[in-house]
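K.L.:
Handing you this structure, nothing more for now.
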There are 4 protein chains.
Amino acid sequence: MVENVDLDAVLADIHTQASSFIGLGKVADYIPALARVSDQKFGIAIVACDGREASIGDAHERFSIQSISKVFTLMMAIRLRGLNLWHRVGREPSGNAFNSLVQLEAEHGIPRNPFINAGAHISTDCVVAGHSDPKQAILTEMRNLSGNPDLQFDAEVAASEAEHGNWNAAIANFLKAHNNLEGEVETVLDAYFHQCAIAMSCMDLARAGSFLANRGVDVASGRRIATPRKTKRINALMATCGLYDAVGSFAFHVGVPAKSGVGGGILAIVPGEMSVVVWSPGLDAKGNSFVGVKALEMLMTKIGKSIY
Amino acid sequence: MVENVDLDAVLADIHTQASSFIGLGKVADYIPALARVSDQKFGIAIVACDGREASIGDAHERFSIQSISKVFTLMMAIRLRGLNLWHRVGREPSGNAFNSLVQLEAEHGIPRNPFINAGAHISTDCVVAGHSDPKQAILTEMRNLSGNPDLQFDAEVAASEAEHGNWNAAIANFLKAHNNLEGEVETVLDAYFHQCAIAMSCMDLARAGSFLANRGVDVASGRRIATPRKTKRINALMATCGLYDAVGSFAFHVGVPAKSGVGGGILAIVPGEMSVVVWSPGLDAKGNSFVGVKALEMLMTKIGKSIY
Amino acid sequence: MVENVDLDAVLADIHTQASSFIGLGKVADYIPALARVSDQKFGIAIVACDGREASIGDAHERFSIQSISKVFTLMMAIRLRGLNLWHRVGREPSGNAFNSLVQLEAEHGIPRNPFINAGAHISTDCVVAGHSDPKQAILTEMRNLSGNPDLQFDAEVAASEAEHGNWNAAIANFLKAHNNLEGEVETVLDAYFHQCAIAMSCMDLARAGSFLANRGVDVASGRRIATPRKTKRINALMATCGLYDAVGSFAFHVGVPAKSGVGGGILAIVPGEMSVVVWSPGLDAKGNSFVGVKALEMLMTKIGKSIY
Amino acid sequence: MVENVDLDAVLADIHTQASSFIGLGKVADYIPALARVSDQKFGIAIVACDGREASIGDAHERFSIQSISKVFTLMMAIRLRGLNLWHRVGREPSGNAFNSLVQLEAEHGIPRNPFINAGAHISTDCVVAGHSDPKQAILTEMRNLSGNPDLQFDAEVAASEAEHGNWNAAIANFLKAHNNLEGEVETVLDAYFHQCAIAMSCMDLARAGSFLANRGVDVASGRRIATPRKTKRINALMATCGLYDAVGSFAFHVGVPAKSGVGGGILAIVPGEMSVVVWSPGLDAKGNSFVGVKALEMLMTKIGKSIY
């Protein structure tokens, strides 16, 4: 256990060191609302399973969670569908870019895993089918998990995603053409663009993900969110599929399950120990936060908690 | 720690249960020497980090280790080349069949990882370049790690692999065409076919792999084989790339780093706890031991040691 | 010249022989309006450059021209854009299925040629940009070329195409995501589905395509439709890209430029001699009219007019 | 017929104009023996079906025919195997680079057509199976067809091809792994490298290919080489598959069947009229002679003999 670690001291140390990498990444610019975020932002938040919290830098500033949302809609989809979900989406790393249609075509409309865009459309489709107001259901879920009732969709980001959403529209139509989308393309896309556009801080996300580190139990409330088995399985999927086409390199250098988003956030899980969220908007060539990956590598080296 | 677990009792339990799956897999038949192995064979061996050993069934009968050898030649290649190795081979899961040339062509002769065939040719090429008698060097390594000086190549298997080795010859020539093979194609293939043809028992392999569970220190001898960092990294690669195109599903169901071979063996590592080797020749659709995967899933459920 | 050939006698002969293949193909069933067409239908019409016309069987019954429309919208796009068109679409055979997204992704949104679906979207997009009422413009073009002012869209087919149009919607969105679509996705798709849904007879189509056989001059009216150079180039594209993934086999067995549609029609051009249209709804494994290909092979053998 | 055309005048005109493109292409440099050929070389030779011959520039200097040889070994394979050949190799354009393994893997070891490298290995394999001395058989065939008993293999080129032949060795091993190669890999490769290394002049090649223009009858000797039907079919394959990934563009701009080689030669057939061979070593981005393509385009424009 990391109970003897002074989390504030560790974060201070890492924040100083990792700050030297600020400016080396490139802020996502496919929509204006993301492009204008400063690449100088850098925050880290930790929620330990023993209840301690620690944070540094811009850990309380909200950012667009983007693909990190896929972890939570996957959990909602598993809750709604159980094992039947896996008839519609695989559990293997893709070996291709996160939005590739090649694999999807070769495999007849079954996405490789729930963390590539095509697979996330499946999760969202399940949420759409299972809730009368799917967008509100996702927002409520994130409010409950984070304990923050003020969470909102960033309406500008959601609108901008939709406006520049042709690639995702191609994917959703392709799934529909293969009979692997129940809902209307427009409805699923609308929910998808909104879940990506939720604005949360590092601390919000670390709290929301704490159950993944704590065998399924939310750390702050003690509420059971998922069984230990389902929790492990979501972590396993993050470890093998969570970082686009850098999952092997991340396992090699950092060594814990994680999910990243193009907003520059990364949610990392140290099973039995803590959830950690870093945020810094500059991305590396694979689409993951440049500073974030470095900070997580330093953290795992310091606390010796690679899972491998 | 698993120190309070009665390993013999656990193995007895698992062996009984998993035996019900015998006969559901299909023995590899691409060469006669493998095809004639009985699909009734089933053994398990454990080497715990506290020094205890346990085994059951056919755990002391030798089988062809096949691709499990890739873990050990990778370690030899890392020892010889250090980080330079990673200019020649990637660290990402392939999302394709283990012997696919598609990805290799798309990525200009850089194999995705050291556990697909193309990547293993790179490791072997490093061993060929670094040793005057590379085949003997590999055999010596395996004898030292297993503590068994009687290990031998199965000459019939090696000859049969070479005779039916056109697919691997295609891969090796392709690497050479992309200037990513230093040695002669024939020399590298010969070493490669021999490393795959080493005959070892479950117990031999569990001992040979014990250093991976024990932060780099061989359990029996206390000898340091690799640094803790390198050990973790090899485990991370096994966790993300070790089971062909079933790595995500294996993480989901079993949850530990592992490497399988078409001979029906699987080497699994529970970091800090134990190395486990199962052997049963019938393979599932992805090329992994059908009974072996089931047995490992039962074991991890029983001892609660998924890394996730 | 075929001036000494008795066209009626030749057609009678071919129609009798080729009728033995009726029933061997499979009528397209992806939309109900196509699925219900009888597979017993079989017509042939010829317009010779010397002005003679001949027909047999169901040559005056209208059918859905489907992809044959791509030839005419390509001509309209060339007229509107000239050589600039070729920055947006290639001129090479695809080596893939007609609706594949793989090549499109690998080549960054530039379709291989104007006769695969993605490429036809580009032609249609040009027509959309160049005409205030693009659907009417296409219909007017076909009425003028065929000399038949009664041509209409089949409204049921157009609606059904739209309803089952997710694959084409995926393609159009994908083009838009690559900045290779000027118009709105919905507008282009609507025009595309309508052009495919024009109902024409063999004779209508043979007249409409007669300028391609006659160095750019409409046979009936003597009106110049395209320059000889542009005419040759459209024929060259039909010869290398016009029959989906059967273009080489068709060249081998028949040996003239042609364009087929899933409605069972094929427009074939014998340069300097005649345009020929066959219609029989049963399709072979590559999506071309089974009886139609056979009839054209017999015709070219009889009149000795393979271009090779 | 071109009988009224002054071939010498036409060639003089074209040679002057096309010479302005000399230096814009890039000489093949994958083997030293090709790399050292001057990019200033430029010759054209014509053999008309009426028996006239014309030539200009370096039309009598020998060069390495390379892939042009594939036309002639295909003809030998057809002679040996007839229609059975087409169970082992397709007749469709590849939509991929000439030496791609991607399509070959996707299509289980059946090459797309006889003019990509994999397909040419099939033709050569048939020749190997059908002749006790296959290399001598190929050389004898070329001597007979060209009427030049002095033709030889360029031993240096053949040796150099073998030395740098890993890509072809990968292909041949891959075919063997798919049971689509009868002969030994080494034997087939040796014959293949030799056929590519035959040294011939433009005039030699134009004479050798004259039967393809003349409905199967060698122009000089009047000897029948192939039936009219087989002749047309080889021409059809050249038209749809003969210029690597530029076959559509070549049809569009030039409009006749042709086969190119990386030595800078192109054999073009004007059915019923003439065979033409151009040679200039500088290649365009697709691997075809830059000056050669331009010269052929000028020639077809001048004599108005596009087949389309």
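Residue names in the structure tokens use chain letters A, B, ... in the order shown, residue numbers from 1 in each chain, and ligand numbers from 1 in the order shown.
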Using DSSP secondary structure from the backbone, list all helix (DSSP H, G or I) positions within stretch 31-156 of chain C, as a VMD selection string.

P.N.:
chain C and resid 32 to 35 66 to 87 102 to 106 117 to 130 134 to 146 155 to 156

K.L.:
Within 7 Å of A:Leu175, counting only C-alpha atoms, which residues show up once you throw out same-chain ones fewer than 5 positions away? Write them as a PDB file with N, CA, C and O atoms, in the first residue's frame, please.

P.N.:
ATOM      1  N   GLY A 109     -18.004  -4.989 -39.283  1.00  0.00           N
ATOM      2  CA  GLY A 109     -18.799  -4.106 -38.446  1.00  0.00           C
ATOM      3  C   GLY A 109     -18.747  -4.392 -36.953  1.00  0.00           C
ATOM      4  O   GLY A 109     -19.513  -3.799 -36.188  1.00  0.00           O
ATOM      5  N   ASN A 180     -25.246  -3.194 -36.743  1.00  0.00           N
ATOM      6  CA  ASN A 180     -24.666  -3.177 -35.398  1.00  0.00           C
ATOM      7  C   ASN A 180     -24.898  -1.830 -34.706  1.00  0.00           C
ATOM      8  O   ASN A 180     -24.054  -1.353 -33.951  1.00  0.00           O
ATOM      9  N   LEU A 181     -26.028  -1.211 -35.004  1.00  0.00           N
ATOM     10  CA  LEU A 181     -26.438   0.009 -34.292  1.00  0.00           C
ATOM     11  C   LEU A 181     -27.961  -0.039 -34.191  1.00  0.00           C
ATOM     12  O   LEU A 181     -28.649  -0.121 -35.213  1.00  0.00           O
TER      13      LEU A 181
END

K.L.:
Identify, on the basis of only C-alpha atoms, every residue whose closest approach to stretch 39-54 of chain D does not exceed 9 Å; exclude the query and any residue fewer than 4 positions from it along the same chain; express the result as a PyMOL selection string.

P.N.:
chain D and resi 2-3+7-8+11+15+19+22-23+25-27+58-61+201-207+209-211+213-214+218-220+272-282+291-292+295

K.L.:
Now that the selection is made, can you save its residues with C-alpha atoms as an mmCIF file, in the first residue's frame?

P.N.:
data_model
loop_
_atom_site.group_PDB
_atom_site.id
_atom_site.type_symbol
_atom_site.label_atom_id
_atom_site.label_comp_id
_atom_site.auth_asym_id
_atom_site.auth_seq_id
_atom_site.Cartn_x
_atom_site.Cartn_y
_atom_site.Cartn_z
ATOM 1 C CA VAL D 2 -1.274 2.991 -90.557
ATOM 2 C CA GLU D 3 -0.078 2.032 -94.026
ATOM 3 C CA LEU D 7 6.874 5.931 -89.733
ATOM 4 C CA ASP D 8 10.362 7.423 -89.939
ATOM 5 C CA LEU D 11 9.482 8.802 -85.083
ATOM 6 C CA HIS D 15 12.005 11.663 -80.657
ATOM 7 C CA SER D 19 13.735 14.241 -75.651
ATOM 8 C CA ILE D 22 14.974 13.291 -70.595
ATOM 9 C CA GLY D 23 16.378 13.739 -67.108
ATOM 10 C CA GLY D 25 12.776 10.460 -64.430
ATOM 11 C CA LYS D 26 14.931 8.515 -62.000
ATOM 12 C CA VAL D 27 16.982 5.505 -63.071
ATOM 13 C CA ASP D 58 19.223 4.116 -79.150
ATOM 14 C CA ALA D 59 16.827 1.585 -80.619
ATOM 15 C CA HIS D 60 19.558 -0.951 -81.280
ATOM 16 C CA GLU D 61 21.299 -0.819 -77.913
ATOM 17 C CA SER D 201 17.214 -3.800 -77.902
ATOM 18 C CA CYS D 202 14.039 -1.937 -78.716
ATOM 19 C CA MET D 203 14.080 -3.547 -82.167
ATOM 20 C CA ASP D 204 14.610 -7.042 -80.719
ATOM 21 C CA LEU D 205 11.597 -6.562 -78.437
ATOM 22 C CA ALA D 206 9.384 -4.964 -81.080
ATOM 23 C CA ARG D 207 10.009 -7.965 -83.315
ATOM 24 C CA GLY D 209 6.134 -8.769 -79.619
ATOM 25 C CA SER D 210 4.938 -8.304 -83.196
ATOM 26 C CA PHE D 211 2.693 -11.369 -83.016
ATOM 27 C CA ALA D 213 -0.227 -6.847 -82.789
ATOM 28 C CA ASN D 214 -0.714 -9.257 -85.655
ATOM 29 C CA ASP D 218 4.935 -13.284 -86.115
ATOM 30 C CA VAL D 219 5.289 -10.482 -88.645
ATOM 31 C CA ALA D 220 8.730 -11.304 -89.976
ATOM 32 C CA GLY D 272 -3.917 -4.897 -86.024
ATOM 33 C CA GLU D 273 -1.330 -2.197 -86.618
ATOM 34 C CA MET D 274 2.050 -2.441 -84.934
ATOM 35 C CA SER D 275 4.188 -3.258 -81.958
ATOM 36 C CA VAL D 276 6.209 -0.373 -80.526
ATOM 37 C CA VAL D 277 9.027 -0.442 -78.006
ATOM 38 C CA VAL D 278 10.429 2.642 -76.315
ATOM 39 C CA TRP D 279 13.402 2.701 -73.999
ATOM 40 C CA SER D 280 14.585 5.449 -71.710
ATOM 41 C CA PRO D 281 15.840 4.487 -68.247
ATOM 42 C CA GLY D 282 14.508 7.356 -66.139
ATOM 43 C CA VAL D 291 10.093 9.633 -71.463
ATOM 44 C CA GLY D 292 8.667 6.359 -72.725
ATOM 45 C CA ALA D 295 6.624 9.277 -76.370
#

K.L.:
Give me, as a ChimeraX atom specification, all polymer residues having an atom no more than 9 Å from D:Arg79, counting only C-alpha atoms and skipping those fewer than 4 positions away in the same chain.

P.N.:
/D:74-75,226

K.L.:
Show me, as a VMD selection string, the residues of chain D whose atoms get within 10 Å of chain B, using only C-alpha atoms for the distance check.

P.N.:
chain D and resid 100 to 106 164 to 179 185

K.L.:
Could you take the residues named above and write them with C-alpha atoms, as a PDB file, in the first residue's frame?

P.N.:
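This is the output file selection_16.pdb:
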ATOM      1  CA  SER D 100       2.813  -6.058 -52.512  1.00  0.00           C
ATOM      2  CA  LEU D 101       2.263  -8.959 -50.165  1.00  0.00           C
ATOM      3  CA  VAL D 102      -0.892  -7.482 -48.665  1.00  0.00           C
ATOM      4  CA  GLN D 103      -3.240  -8.587 -51.427  1.00  0.00           C
ATOM      5  CA  LEU D 104      -1.450 -11.920 -51.680  1.00  0.00           C
ATOM      6  CA  GLU D 105      -2.083 -12.576 -48.002  1.00  0.00           C
ATOM      7  CA  ALA D 106      -5.680 -11.401 -48.148  1.00  0.00           C
ATOM      8  CA  HIS D 164      19.221  -8.209 -53.726  1.00  0.00           C
ATOM      9  CA  GLY D 165      16.353 -10.598 -54.229  1.00  0.00           C
ATOM     10  CA  ASN D 166      14.951 -10.897 -50.692  1.00  0.00           C
ATOM     11  CA  TRP D 167      11.636  -9.327 -51.556  1.00  0.00           C
ATOM     12  CA  ASN D 168      11.092 -11.794 -54.371  1.00  0.00           C
ATOM     13  CA  ALA D 169      12.312 -14.582 -52.095  1.00  0.00           C
ATOM     14  CA  ALA D 170       9.677 -13.493 -49.569  1.00  0.00           C
ATOM     15  CA  ILE D 171       7.017 -13.672 -52.269  1.00  0.00           C
ATOM     16  CA  ALA D 172       8.126 -17.069 -53.572  1.00  0.00           C
ATOM     17  CA  ASN D 173       8.290 -18.532 -50.060  1.00  0.00           C
ATOM     18  CA  PHE D 174       4.869 -17.095 -49.359  1.00  0.00           C
ATOM     19  CA  LEU D 175       3.461 -18.775 -52.485  1.00  0.00           C
ATOM     20  CA  LYS D 176       5.128 -22.028 -51.453  1.00  0.00           C
ATOM     21  CA  ALA D 177       3.611 -21.701 -47.964  1.00  0.00           C
ATOM     22  CA  HIS D 178       0.211 -21.483 -49.675  1.00  0.00           C
ATOM     23  CA  ASN D 179       0.916 -24.533 -51.855  1.00  0.00           C
ATOM     24  CA  VAL D 185      11.870 -21.758 -54.337  1.00  0.00           C
TER      25      VAL D 185
END
